[in-house]
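Colleague: My questions all concern the structure below.
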Amino acid sequence: MNPRPTFYLLIVTLILTGLTLAFLRHMYLDIPLWPGDKKPVWLIEARIDFIPNGEPVLVSLDLPSNPPGFIQVSEQAASPGYGFSIVEEAGNRRAEWSRRNAEGVQTLYYKIQMIPGRASDHDDLAGDAPGPRSVFWSEPQSTAAIQLLSQAHDRSSTPTSFARELIRQVSALEPDQNAALLLAEYPLPTLLMRLLNHAGIPARVSMGLELEDARRYQSLKPFLEIYDKDQWITVDPRTGAHGLPENLLLWHRGGQSLLDVMGGSRSVVRFSMIRQIQPAMDLARLQFNERGLSRLSLYHLPIEEQSMFKLLLLLPVGALVVTFMRIIIGVRTSGTFMPILIALAFMQTSLVPGLTAFIAIVSMGLMLRGYLSRLNLLLVARISTLIVLVIFLTSAISVLGHELGLNVGLTITFFPMVIIAWTIERMSILWEEDGSREVMVQGLGSLLVAIAAYACMRIGVVGHITFNFPEIHLVLLALILMMGQYTGYKLTELKRFSVMMRDD
């Protein structure tokens, strides 16, 4: 059986799985692909003023629930002396303030942060199609309504065009006697809602807030929503334009009243807003919850574990660089994983101090290893001795660096001591078997690969993607597997085989 098709299928599966999961995480969690991305944020404040009448006070304000075109990231209330809670019932959210005794003019605040989202203006999809509400008319009103609906029916073909035709008739500069009769009894949005429901088209009046930077004391404006093609469509009752206008936040969508105040009078709610710019990553973290891909986010871990994983998740990037440098370029290194560990150590501080410390420790270790070889120690004792000496050298260099004002201690102590000891042991054996030249080639090769890996791992977008999109490591795995199948010439071999190429 030829394993090639299975291998290629595995590669394609890994790449598609990694990219698909990363795309879904970006789309549904709003995690930015670039670490420096910023997004506009609307900070909206609702201010409620009322006068208590000496009774226990209960204030209830309708809140936006999944408004189309926006995503809520945070909310808070400022209400000294009041109990506050958010009550959810049948999909509606209401803020409730309560207090036993209140005197003088009372002011309550509710603040919410909203960002423009991927949602369309038809986000409020209903599970079951709503039915039209029953409507009662008096006798002259019924006759006028039937005539208006009959005219609109003849000039329309869909619920949306039907509503548009009704708006044209009722909102005319000189409405006919039927429209004038009904407008004298009902406000325009309410009249349109009643007419549409009477015609068998589900409709409701919603209240929207037009967002504009640095506006104060704004009021909600009524909009009409009709149910057409399994979705609620927003219609402007003044112009007949359908679709959600830009920067319109539907705050109140049918249901109960916007504001209820028990134990008070002369209540009024006004809105102020300001547009801000904030880092997109901070906003994405505010939206994390316990559902879907959010549960697989590393941001749910404790801070110290997050810091550890930020470094560990860079290791596959280093492994990819090492694989490329050894298989494709042909750089010889002292061991396979030592360059990755060196690069990871360099991440703790700048490159030059760490590189200097590493060369110093390995050089002095090689000199001490030469002395130990003359003592004819067994391998285990020799390695243990080297570990002790490496720790001693590390401590000495750290103290010396501190006295000289060079903060290299963190870099040195991060080096895996056992790995360095084994590296010294391996280089000393290589020195005895193949000479000093091979030691220099592999040592410099290890440092070259480590520096290349360090350069890749230091790129801000690399650290951002590996930590926030961990599934991208499946793509790195696929690339490593692909390079593992490469059997052609390495770049460093081209010069050696150039004579054969000229002969051909």
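Chain labels run A, B, ... following the order of the structure tokens; each chain numbers its residues from 1, and ligands are numbered from 1 in the order shown.
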Show which residues sit within 9 Å of Gln106 in chain A, as a list in words. Count only C-alpha atoms, and ignore same-chain residues fewer than 6 positions away.

Modeller: Ile48, Asp49, Phe50, Ile51 and Pro52 of chain A

Colleague: Could you pull out the strand (DSSP E) residues of range 103-197 of chain A from DSSP and send them as an MDAnalysis selection string?

Modeller: chainID A and resid 106:116

Colleague: Give me, as a tab-separated table, each residue of range 214-315 of chain A that comes within 10 Å of range 449-460 of chain A, together with its shortest interatomic pair and the distance in Å at one decimal, counting only C-alpha atoms, with rows ordered by chain and rising residue number.

Modeller:
residue	atom	partner	partner_atom	distance
A:Leu311	CA	A:Met457	CA	9.2
A:Leu313	CA	A:Met457	CA	9.9
A:Leu314	CA	A:Met457	CA	6.3
A:Leu315	CA	A:Met457	CA	8.5

Colleague: Determine, counting only C-alpha atoms, which protein, DNA and RNA residues have an atom within 6 Å of an atom of range 239-250 of chain A; residues of the same chain fewer than 5 positions away are not included. Present the result as a PyMOL selection string.

Modeller: chain A and resi 67+121+164+167+207-211+234

Colleague: Pick out the residues sitting within 8 Å of range 169-179 of chain A, and hand them over as a JSON list (two decimals) with N, CA and C atoms, in the first residue's frame; count only C-alpha atoms, and ignore anything fewer than 4 positions along from it in its own chain.

Modeller:
[["chain", "number", "residue", "atom", "x", "y", "z"],
["A", 144, "ALA", "N", -62.07, 53.55, 7.85],
["A", 144, "ALA", "CA", -60.90, 54.25, 7.30],
["A", 144, "ALA", "C", -59.72, 53.30, 7.16],
["A", 145, "ALA", "N", -59.52, 52.44, 8.13],
["A", 145, "ALA", "CA", -58.40, 51.51, 8.08],
["A", 145, "ALA", "C", -58.55, 50.53, 6.93],
["A", 147, "GLN", "N", -60.12, 50.93, 4.12],
["A", 147, "GLN", "CA", -59.89, 51.60, 2.84],
["A", 147, "GLN", "C", -58.39, 51.83, 2.59],
["A", 148, "LEU", "N", -57.67, 52.25, 3.63],
["A", 148, "LEU", "CA", -56.22, 52.45, 3.48],
["A", 148, "LEU", "C", -55.53, 51.13, 3.15],
["A", 165, "GLU", "N", -45.90, 51.30, 1.11],
["A", 165, "GLU", "CA", -47.04, 51.97, 0.49],
["A", 165, "GLU", "C", -47.94, 52.61, 1.55],
["A", 183, "LEU", "N", -54.74, 59.48, 12.04],
["A", 183, "LEU", "CA", -53.61, 60.21, 12.62],
["A", 183, "LEU", "C", -54.05, 61.10, 13.78],
["A", 188, "LEU", "N", -47.93, 58.34, 14.50],
["A", 188, "LEU", "CA", -47.63, 57.69, 13.23],
["A", 188, "LEU", "C", -47.10, 56.26, 13.40],
["A", 238, "ARG", "N", -40.99, 57.43, 8.97],
["A", 238, "ARG", "CA", -41.08, 58.78, 8.40],
["A", 238, "ARG", "C", -40.78, 58.79, 6.91]]

Colleague: What's the 10 Å shell around Lys229 in chain A, counting only C-alpha atoms, without same-chain residues fewer than 2 positions away, as a PyMOL selection string?

Modeller: chain A and resi 129+158-160+226-227+231-233

Colleague: Could you please take those selected residues and save N, CA and C atoms as a compact mmCIF listing (two decimals), in the first residue's frame?

Modeller:
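The resulting selection.txt:
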# COMPACT_ATOMS: atom_id res chain seq x y z
N ALA A 129 -42.41 31.65 14.02
CA ALA A 129 -42.93 32.86 13.38
C ALA A 129 -43.99 33.50 14.27
N THR A 158 -45.31 42.46 -1.46
CA THR A 158 -44.63 41.82 -0.32
C THR A 158 -44.96 42.61 0.94
N PRO A 159 -44.75 42.01 2.12
CA PRO A 159 -44.98 42.77 3.35
C PRO A 159 -44.16 44.06 3.43
N THR A 160 -42.92 44.02 2.92
CA THR A 160 -42.09 45.23 2.96
C THR A 160 -42.65 46.32 2.06
N ILE A 226 -41.17 45.09 10.91
CA ILE A 226 -42.16 44.17 10.35
C ILE A 226 -41.50 42.81 10.15
N TYR A 227 -42.30 41.77 10.25
CA TYR A 227 -41.79 40.41 10.10
C TYR A 227 -42.00 39.95 8.68
N GLN A 231 -37.73 37.03 9.37
CA GLN A 231 -36.86 37.95 10.09
C GLN A 231 -37.56 39.29 10.28
N TRP A 232 -37.10 40.00 11.31
CA TRP A 232 -37.62 41.34 11.58
C TRP A 232 -36.84 42.35 10.75
N ILE A 233 -37.54 43.18 10.02
CA ILE A 233 -36.92 44.19 9.17
C ILE A 233 -37.27 45.57 9.71

Colleague: Nearest to Thr107 in chain A: which of A:Leu10, A:Val269, A:Leu298, A:Val399 is it, counting only C-alpha atoms?

Modeller: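 Smallest distance to Thr107 in chain A is found for A:Val269.
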
Colleague: Considering only C-alpha atoms, return as an NGL selection string whatever protein or nucleic-acid residues lie within 9 Å of range 12-16 of chain A, sequence-local ones (same chain, fewer than 6 positions apart) excluded.

Modeller: :A and (472 or 474-479)

Colleague: I need the residues from that last selection saved to file as a PDB file, in the first residue's frame (with N, CA and C atoms), if you can.

Modeller:
ATOM      1  N   ILE A 472      -3.388  27.059  15.302  1.00  0.00           N
ATOM      2  CA  ILE A 472      -2.481  27.307  14.176  1.00  0.00           C
ATOM      3  C   ILE A 472      -1.266  26.394  14.258  1.00  0.00           C
ATOM      4  N   LEU A 474      -1.395  23.295  14.362  1.00  0.00           N
ATOM      5  CA  LEU A 474      -1.651  22.184  13.439  1.00  0.00           C
ATOM      6  C   LEU A 474      -1.050  22.477  12.070  1.00  0.00           C
ATOM      7  N   VAL A 475      -1.092  23.731  11.664  1.00  0.00           N
ATOM      8  CA  VAL A 475      -0.475  24.117  10.385  1.00  0.00           C
ATOM      9  C   VAL A 475       1.044  23.994  10.483  1.00  0.00           C
ATOM     10  N   LEU A 476       1.616  24.421  11.618  1.00  0.00           N
ATOM     11  CA  LEU A 476       3.060  24.267  11.801  1.00  0.00           C
ATOM     12  C   LEU A 476       3.452  22.792  11.771  1.00  0.00           C
ATOM     13  N   LEU A 477       2.631  21.944  12.392  1.00  0.00           N
ATOM     14  CA  LEU A 477       2.905  20.506  12.372  1.00  0.00           C
ATOM     15  C   LEU A 477       2.887  19.969  10.949  1.00  0.00           C
ATOM     16  N   ALA A 478       1.923  20.424  10.150  1.00  0.00           N
ATOM     17  CA  ALA A 478       1.850  19.974   8.758  1.00  0.00           C
ATOM     18  C   ALA A 478       3.095  20.402   7.979  1.00  0.00           C
ATOM     19  N   LEU A 479       3.562  21.629   8.208  1.00  0.00           N
ATOM     20  CA  LEU A 479       4.765  22.095   7.502  1.00  0.00           C
ATOM     21  C   LEU A 479       5.994  21.292   7.917  1.00  0.00           C
TER      22      LEU A 479
END

Colleague: Could you state the separation of CA of Ile277 in chain A and CA of Pro40 in chain A in Å, given to one decimal place?

Modeller: 4.6 Å

Colleague: Go through A:Gly365, A:Pro3, A:Pro64, A:Gly445 one by one, measure the shortest atom-to-atom distance of each to Ile424 in chain A using only C-alpha atoms, and give the residue with the smallest value.

Modeller: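 Counting only C-alpha atoms, the residue closest to Ile424 in chain A is A:Gly365.
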
Colleague: Using only C-alpha atoms, which of the listed residues (A:Leu444, A:Leu368, A:Val41, A:Ala214) sits closest to Thr333 in chain A?

Modeller: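 Of A:Leu444, A:Leu368, A:Val41, A:Ala214, the one nearest Thr333 in chain A is A:Leu444, counting only C-alpha atoms.
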
Colleague: If DSSP is run on the backbone, what residues of range 118-269 of chain A are alpha helix (DSSP H)? A reply as number ranges by chain would be ideal.

Modeller: A: 139-154, 159-170, 177-183, 188-198

Colleague: Create the file for the chosen residues now, containing C-alpha atoms and written as an mmCIF file, in the first residue's frame.

Modeller:
data_model
loop_
_atom_site.group_PDB
_atom_site.id
_atom_site.type_symbol
_atom_site.label_atom_id
_atom_site.label_comp_id
_atom_site.auth_asym_id
_atom_site.auth_seq_id
_atom_site.Cartn_x
_atom_site.Cartn_y
_atom_site.Cartn_z
ATOM 1 C CA GLU A 139 -66.627 52.064 13.702
ATOM 2 C CA PRO A 140 -65.342 55.151 11.791
ATOM 3 C CA GLN A 141 -61.742 54.068 12.390
ATOM 4 C CA SER A 142 -62.440 50.564 11.071
ATOM 5 C CA THR A 143 -63.850 51.890 7.818
ATOM 6 C CA ALA A 144 -60.904 54.247 7.295
ATOM 7 C CA ALA A 145 -58.395 51.512 8.078
ATOM 8 C CA ILE A 146 -59.976 49.049 5.652
ATOM 9 C CA GLN A 147 -59.888 51.605 2.838
ATOM 10 C CA LEU A 148 -56.223 52.448 3.482
ATOM 11 C CA LEU A 149 -55.269 48.775 3.600
ATOM 12 C CA SER A 150 -57.199 48.026 0.408
ATOM 13 C CA GLN A 151 -55.349 50.753 -1.511
ATOM 14 C CA ALA A 152 -51.939 49.617 -0.177
ATOM 15 C CA HIS A 153 -52.723 45.979 -0.975
ATOM 16 C CA ASP A 154 -53.409 46.745 -4.640
ATOM 17 C CA PRO A 159 -44.982 42.774 3.354
ATOM 18 C CA THR A 160 -42.094 45.226 2.963
ATOM 19 C CA SER A 161 -43.584 46.951 -0.078
ATOM 20 C CA PHE A 162 -46.997 46.885 1.634
ATOM 21 C CA ALA A 163 -45.546 48.769 4.624
ATOM 22 C CA ARG A 164 -43.787 51.205 2.328
ATOM 23 C CA GLU A 165 -47.037 51.970 0.492
ATOM 24 C CA LEU A 166 -48.874 52.503 3.764
ATOM 25 C CA ILE A 167 -46.199 54.938 4.920
ATOM 26 C CA ARG A 168 -46.476 56.829 1.631
ATOM 27 C CA GLN A 169 -50.214 57.267 2.109
ATOM 28 C CA VAL A 170 -50.148 58.170 5.782
ATOM 29 C CA GLN A 177 -59.501 61.977 5.003
ATOM 30 C CA ASN A 178 -59.025 58.349 6.043
ATOM 31 C CA ALA A 179 -55.399 58.874 7.021
ATOM 32 C CA ALA A 180 -56.185 62.203 8.693
ATOM 33 C CA LEU A 181 -58.910 60.551 10.794
ATOM 34 C CA LEU A 182 -56.572 57.853 12.091
ATOM 35 C CA LEU A 183 -53.614 60.206 12.625
ATOM 36 C CA LEU A 188 -47.630 57.689 13.228
ATOM 37 C CA PRO A 189 -45.540 54.624 14.326
ATOM 38 C CA THR A 190 -48.398 53.236 16.436
ATOM 39 C CA LEU A 191 -50.889 53.728 13.609
ATOM 40 C CA LEU A 192 -48.653 51.902 11.134
ATOM 41 C CA MET A 193 -48.162 49.041 13.586
ATOM 42 C CA ARG A 194 -51.939 48.687 14.064
ATOM 43 C CA LEU A 195 -52.642 48.806 10.337
ATOM 44 C CA LEU A 196 -50.029 46.155 9.547
ATOM 45 C CA ASN A 197 -51.245 43.836 12.290
ATOM 46 C CA HIS A 198 -54.822 44.319 11.070
#

Colleague: Please compute the CA of Pro35 in chain A-CA of Glu212 in chain A distance, one decimal, in Å.

Modeller: 27.9 Å

Colleague: To one decimal place in Å, what is the distance between CA of Ala78 in chain A and CA of Ile44 in chain A?

Modeller: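 We find that CA of Ala78 in chain A and CA of Ile44 in chain A lie 13.1 Å from each other.
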